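Some notes on the structure that comes next.
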Amino acid sequence: MADILKEVAKFIPKDADISDSVFEGANIVVYTKKKDFFLNNNGLIREIVNNIKKRVELRADPSITMDREEAEDVIKKLLPDDAGLSQIIFDVQRSIVIIESEKPGVAIGKNGEILKTIKEKTLWIPQIKRTPSIKSKLIENIRGVLYENDDYRRKFLHKIGKRIYDGWVKERRSGWIRVTFLGAARHVGRSCILLQTPESKVLLDCGVDIASEENSFPILDVPEFNLSELDAVILTHSHLDHSGLVPYLYKMGYRGPIYCTAPTRDISSLLALDFISIANKEAKDPIFSSGDVKEMVKHSVVLDYEEVTDITPDMRITFYDAGHVLGSAMIHIHIGNGLHNLLYTGDLNYENSNLLQKAITKFPRLESVIMESTYGGRDDNPPTRQECEDELIGIIKNTIGDKGKVLIPVLGVGRAQEIMLIIEKAIRTGLIDEIPIYVQGMVWDVTAIHTAYPDFFNTEVKKAIFHKDQNPFLNKIFKHVGSQKEMQQVLEGGPCVVLATSGMMTGGSSVEYFKNFASFSKNSLVLVSYQGPGSLGRRLENGDKEIRMNEKETIKVNMKINILRGFSGHSSRDQLMDFVKNLDPKPRKIILIHGESSKSLNLASSIHKTFRIETSAPRTLDTLRIR
Ligand SMILES: [Zn+2]
């Protein structure tokens, strides 16, 4: 038995009849065969937690839990009808019952009363999961994978725990810490950082660069990287340039954990599956299969914001809201029991948006920061969000006044939902007339995932959902366009707004709509994303009025072309500087990555001059010793 399990055992009285003690990741779980001890241990477990400073959970041994059918009846009777029960699933060996409900708040009951009663009557530990308000096949599949593999997961989580607590020490460690940039240094795309100590090796993000032909993947064939020695992968968010290569690691045999938030796990999986289907459509060999995506899900460990967890003997991580997309996190890593504290921001937005809270700047301790610099250039201050919102509403108002249609090409994740909220608010408050907002394919799927995780929204949206039962995404103005037939109806119908992928109009249904809308001057196109060189979106931005689609087809562009630059999920230059200014505590060193060379260098020099903080802007493959 591991030392820490022995330490826990010392606290527990002999007559508690402990049948097993195991790890679930960094958590310690103790099973008892004594009902009385399980239900009434007079705060002993809390005392143990206070003493060893690790999470400890007491569960009933499977042999004393209530028969499943009986327990299901008890649960059904206890739950109020408006809890919207959709599924009850038993994880038999862990004595856990998962209750999927549309209204978790109702299912939990006032002060957790209902859950407490379920536990007392059945001896099962109830866990509530939210059923998304918009049906999501993907979430059903992901939960299915986790439920089907509960036996594998139990062993897997125990193995992680053994690794964490093997050689467990309470004292501060000494030693060195190095970071190697395997991509996205003086560059945007293929984010991947190898963080090493004498004890651990972890990857922070592992993305692809879709725009680049020869530098699509992080450079993994370097001497210091060995997949079989990797302890963990930690993901900041779901965008492919941060998550896209993770399934490939599983294809190559990696079987360790991937840490991320639940929305990041779900949206990354959706984007990975979409990545495969795009490759198939273009008759290219996808670099990984849906089986590899499934392995990723099987090995995922999800954490909430500000939930602290050990991941190796000398690393403890905490996710903080990054404000960039749903579930996006900054990773705070506490290394060596106080030796050093590192923050990796991933992509960050230091501005409240309609959907999300701005990035956090207060941390328990902080010595080094690795920070993005996408808009780090001196002049990277686009129009404000409010100016862009007003302009967007004006465009929609004028276009529908002319009986025209508005096409907004979007990335599936982030801006699409932000724009949905802006339009919803404008219609709800009477700024524009009620017209249908058509949401195409992928955008709808990602929006459905949003409805499973309202806890990740900003306070205002949360209040509307939880206190006024007013979920903006459920407004009936939003209409899902799933089939070719439905799309045809949109093309033949009246004034409307269409949200469709891809954002740069390099493919997908946004191109189909464009071909149909382009020749009519009463229609409008609104470009809200960055348009890459060579993309159809870039040509339209440049004012091309005749677009040659292929040998047979040339499109005349008469529709109005509008460019709105302020909807970025990234901080502007001023916001990046403000973020650094407000960092508390002030770090000693800031490393700038995820930006074109000139932008990373410029931001590095400004931060140094303004705040007297040591900065650097490494290149890809550079290794820095941060301690
Ligand atoms: Zn991103």
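Starting from 1 in every chain, residues are counted up; chains themselves are A, B, ... following the order of the structure tokens, and ligands are numbered from 1 as listed.
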Which of segment 89-130 of chain A fall in alpha helix (DSSP H), as a ChimeraX atom specification: /A:104-108,113-122
List the spatial neighbours of segment 332-340 of chain A as a CSV table (one decimal) with N, CA, C and O atoms, in the first residue's frame - criterion: any atom at most 6 Å away, only C-alpha atoms, same-chain residues fewer than 5 positions off excluded.
chain,number,residue,atom,x,y,z
A,172,ARG,N,9.2,21.1,0.8
A,172,ARG,CA,9.6,21.7,-0.5
A,172,ARG,C,10.8,21.0,-1.1
A,172,ARG,O,11.7,20.6,-0.5
A,173,ARG,N,10.7,20.9,-2.5
A,173,ARG,CA,11.7,20.3,-3.2
A,173,ARG,C,12.8,21.3,-3.7
A,173,ARG,O,12.5,22.5,-3.8
A,314,ASP,N,5.5,16.2,-8.1
A,314,ASP,CA,5.9,17.6,-7.8
A,314,ASP,C,5.1,18.7,-8.5
A,314,ASP,O,5.6,19.8,-8.6
A,315,MET,N,4.0,18.3,-9.1
A,315,MET,CA,3.2,19.4,-9.8
A,315,MET,C,1.7,19.4,-9.3
A,315,MET,O,1.1,18.3,-9.3
A,316,ARG,N,1.2,20.5,-9.1
A,316,ARG,CA,-0.2,20.7,-8.6
A,316,ARG,C,-0.8,21.8,-9.5
A,316,ARG,O,-0.2,22.9,-9.6
A,317,ILE,N,-1.9,21.5,-10.2
A,317,ILE,CA,-2.4,22.5,-11.2
A,317,ILE,C,-3.8,23.0,-10.7
A,317,ILE,O,-4.5,22.3,-10.0
A,318,THR,N,-4.0,24.2,-11.2
A,318,THR,CA,-5.4,24.8,-11.0
A,318,THR,C,-5.7,25.6,-12.3
A,318,THR,O,-4.9,26.3,-12.9
Which residue of A:Met505, A:Leu392, A:Val413, A:Leu564 approaches Arg538 of chain A most closely, using only C-alpha atoms: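 Checking each of A:Met505, A:Leu392, A:Val413, A:Leu564 against Arg538 of chain A, counting only C-alpha atoms, the winner is A:Met505.
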Strand (DSSP E) residues, from DSSP on the backbone, in segment 282-498 of chain A, as a ChimeraX atom specification: /A:300-302,309-312,315-321,329-335,340-344,368-372,405-409,437-440,478-481,496-498
Segment 188-193 of chain A environment, 6 Å, only C-alpha atoms, sequence neighbours closer than 4 positions dropped, as a ChimeraX atom specification: /A:180-184,203-209,217-218,241-242,594-595
Deliver the residues from the most recent selection as a file, using all heavy atoms, as a tab-separated table (two decimals), in the first residue's frame.
chain	number	residue	atom	x	y	z
A	180	THR	N	10.38	23.83	-22.89
A	180	THR	CA	10.81	23.77	-24.29
A	180	THR	C	9.60	24.06	-25.17
A	180	THR	O	8.53	23.47	-24.98
A	180	THR	CB	11.37	22.37	-24.63
A	180	THR	OG1	12.40	22.06	-23.70
A	180	THR	CG2	11.92	22.33	-26.05
A	181	PHE	N	9.77	24.97	-26.12
A	181	PHE	CA	8.66	25.37	-26.98
A	181	PHE	C	8.70	24.53	-28.25
A	181	PHE	O	9.57	24.70	-29.08
A	181	PHE	CB	8.73	26.87	-27.26
A	181	PHE	CG	8.66	27.66	-25.98
A	181	PHE	CD1	9.82	28.00	-25.29
A	181	PHE	CD2	7.43	27.97	-25.43
A	181	PHE	CE1	9.75	28.67	-24.08
A	181	PHE	CE2	7.35	28.63	-24.22
A	181	PHE	CZ	8.51	28.99	-23.54
A	182	LEU	N	7.75	23.60	-28.37
A	182	LEU	CA	7.74	22.68	-29.51
A	182	LEU	C	6.92	23.26	-30.68
A	182	LEU	O	6.81	22.66	-31.73
A	182	LEU	CB	7.19	21.32	-29.08
A	182	LEU	CG	7.97	20.66	-27.93
A	182	LEU	CD1	7.32	19.35	-27.51
A	182	LEU	CD2	9.43	20.41	-28.32
A	183	GLY	N	6.32	24.42	-30.46
A	183	GLY	CA	5.57	25.11	-31.51
A	183	GLY	C	5.06	26.43	-30.95
A	183	GLY	O	5.20	26.70	-29.75
A	184	ALA	N	4.48	27.26	-31.83
A	184	ALA	CA	3.82	28.51	-31.42
A	184	ALA	C	4.71	29.50	-30.67
A	184	ALA	O	4.23	30.29	-29.88
A	184	ALA	CB	2.58	28.23	-30.59
A	203	LEU	N	3.05	17.97	-21.04
A	203	LEU	CA	2.84	18.82	-22.22
A	203	LEU	C	1.72	19.81	-21.92
A	203	LEU	O	0.67	19.42	-21.41
A	203	LEU	CB	2.39	17.98	-23.42
A	203	LEU	CG	3.41	17.39	-24.37
A	203	LEU	CD1	2.69	16.86	-25.61
A	203	LEU	CD2	4.51	18.36	-24.77
A	204	LEU	N	1.95	21.08	-22.23
A	204	LEU	CA	0.90	22.07	-22.13
A	204	LEU	C	0.42	22.33	-23.55
A	204	LEU	O	1.17	22.84	-24.37
A	204	LEU	CB	1.44	23.36	-21.50
A	204	LEU	CG	2.25	23.21	-20.21
A	204	LEU	CD1	2.77	24.55	-19.73
A	204	LEU	CD2	1.41	22.55	-19.13
A	205	ASP	N	-0.79	21.91	-23.87
A	205	ASP	CA	-1.39	22.00	-25.19
A	205	ASP	C	-0.64	21.13	-26.22
A	205	ASP	O	0.55	20.82	-26.04
A	205	ASP	CB	-1.43	23.46	-25.71
A	205	ASP	CG	-2.54	24.27	-25.04
A	205	ASP	OD1	-3.46	23.65	-24.50
A	205	ASP	OD2	-2.47	25.52	-25.08
A	206	CYS	N	-1.34	20.74	-27.25
A	206	CYS	CA	-0.71	20.00	-28.35
A	206	CYS	C	-1.58	20.21	-29.58
A	206	CYS	O	-2.48	19.44	-29.86
A	206	CYS	CB	-0.57	18.52	-27.98
A	206	CYS	SG	0.51	17.64	-29.10
A	207	GLY	N	-1.31	21.31	-30.28
A	207	GLY	CA	-2.19	21.71	-31.36
A	207	GLY	C	-1.61	21.52	-32.75
A	207	GLY	O	-0.49	21.05	-32.92
A	208	VAL	N	-2.39	21.91	-33.74
A	208	VAL	CA	-1.94	21.85	-35.13
A	208	VAL	C	-2.02	23.26	-35.72
A	208	VAL	O	-2.63	24.14	-35.14
A	208	VAL	CB	-2.84	20.90	-35.97
A	208	VAL	CG1	-2.72	19.48	-35.48
A	208	VAL	CG2	-4.30	21.35	-35.95
A	209	ASP	N	-1.35	23.44	-36.85
A	209	ASP	CA	-1.50	24.70	-37.58
A	209	ASP	C	-2.16	24.36	-38.91
A	209	ASP	O	-1.51	23.84	-39.81
A	209	ASP	CB	-0.12	25.35	-37.79
A	209	ASP	CG	-0.25	26.71	-38.47
A	209	ASP	OD1	-1.36	27.02	-38.96
A	209	ASP	OD2	0.74	27.44	-38.51
A	217	PHE	N	2.53	20.59	-37.57
A	217	PHE	CA	2.53	19.93	-36.27
A	217	PHE	C	3.68	20.41	-35.39
A	217	PHE	O	4.73	20.81	-35.89
A	217	PHE	CB	2.65	18.41	-36.46
A	217	PHE	CG	1.63	17.85	-37.40
A	217	PHE	CD1	2.02	17.03	-38.46
A	217	PHE	CD2	0.29	18.17	-37.26
A	217	PHE	CE1	1.07	16.54	-39.35
A	217	PHE	CE2	-0.66	17.68	-38.14
A	217	PHE	CZ	-0.27	16.86	-39.20
A	218	PRO	N	3.50	20.34	-34.06
A	218	PRO	CA	4.61	20.66	-33.17
A	218	PRO	C	5.78	19.71	-33.44
A	218	PRO	O	5.57	18.59	-33.94
A	218	PRO	CB	4.05	20.41	-31.78
A	218	PRO	CG	2.62	20.05	-31.92
A	218	PRO	CD	2.28	19.96	-33.36
A	241	ASP	N	-5.71	24.73	-32.82
A	241	ASP	CA	-4.29	25.09	-32.72
A	241	ASP	C	-3.74	24.83	-31.31
A	241	ASP	O	-2.54	24.97	-31.07
A	241	ASP	CB	-4.02	26.53	-33.19
A	241	ASP	CG	-4.76	27.58	-32.38
A	241	ASP	OD1	-5.87	27.28	-31.91
A	241	ASP	OD2	-4.22	28.69	-32.23
A	242	HIS	N	-4.61	24.42	-30.39
A	242	HIS	CA	-4.15	24.04	-29.05
A	242	HIS	C	-4.44	22.58	-28.72
A	242	HIS	O	-3.78	21.99	-27.87
A	242	HIS	CB	-4.81	24.94	-27.99
A	242	HIS	CG	-4.34	26.37	-28.09
A	242	HIS	ND1	-3.44	26.92	-27.22
A	242	HIS	CD2	-4.63	27.34	-28.99
A	242	HIS	CE1	-3.19	28.18	-27.57
A	242	HIS	NE2	-3.90	28.45	-28.64
A	594	HIS	N	3.02	32.64	-28.99
A	594	HIS	CA	1.73	32.72	-29.67
A	594	HIS	C	1.51	34.11	-30.27
A	594	HIS	O	0.51	34.78	-29.97
A	594	HIS	CB	0.60	32.36	-28.70
A	594	HIS	CG	-0.69	31.96	-29.38
A	594	HIS	ND1	-1.52	32.88	-30.01
A	594	HIS	CD2	-1.30	30.76	-29.50
A	594	HIS	CE1	-2.58	32.25	-30.48
A	594	HIS	NE2	-2.47	30.97	-30.19
A	595	GLY	N	2.47	34.53	-31.11
A	595	GLY	CA	2.32	35.80	-31.82
A	595	GLY	C	3.34	35.83	-32.93
A	595	GLY	O	4.36	35.13	-32.85
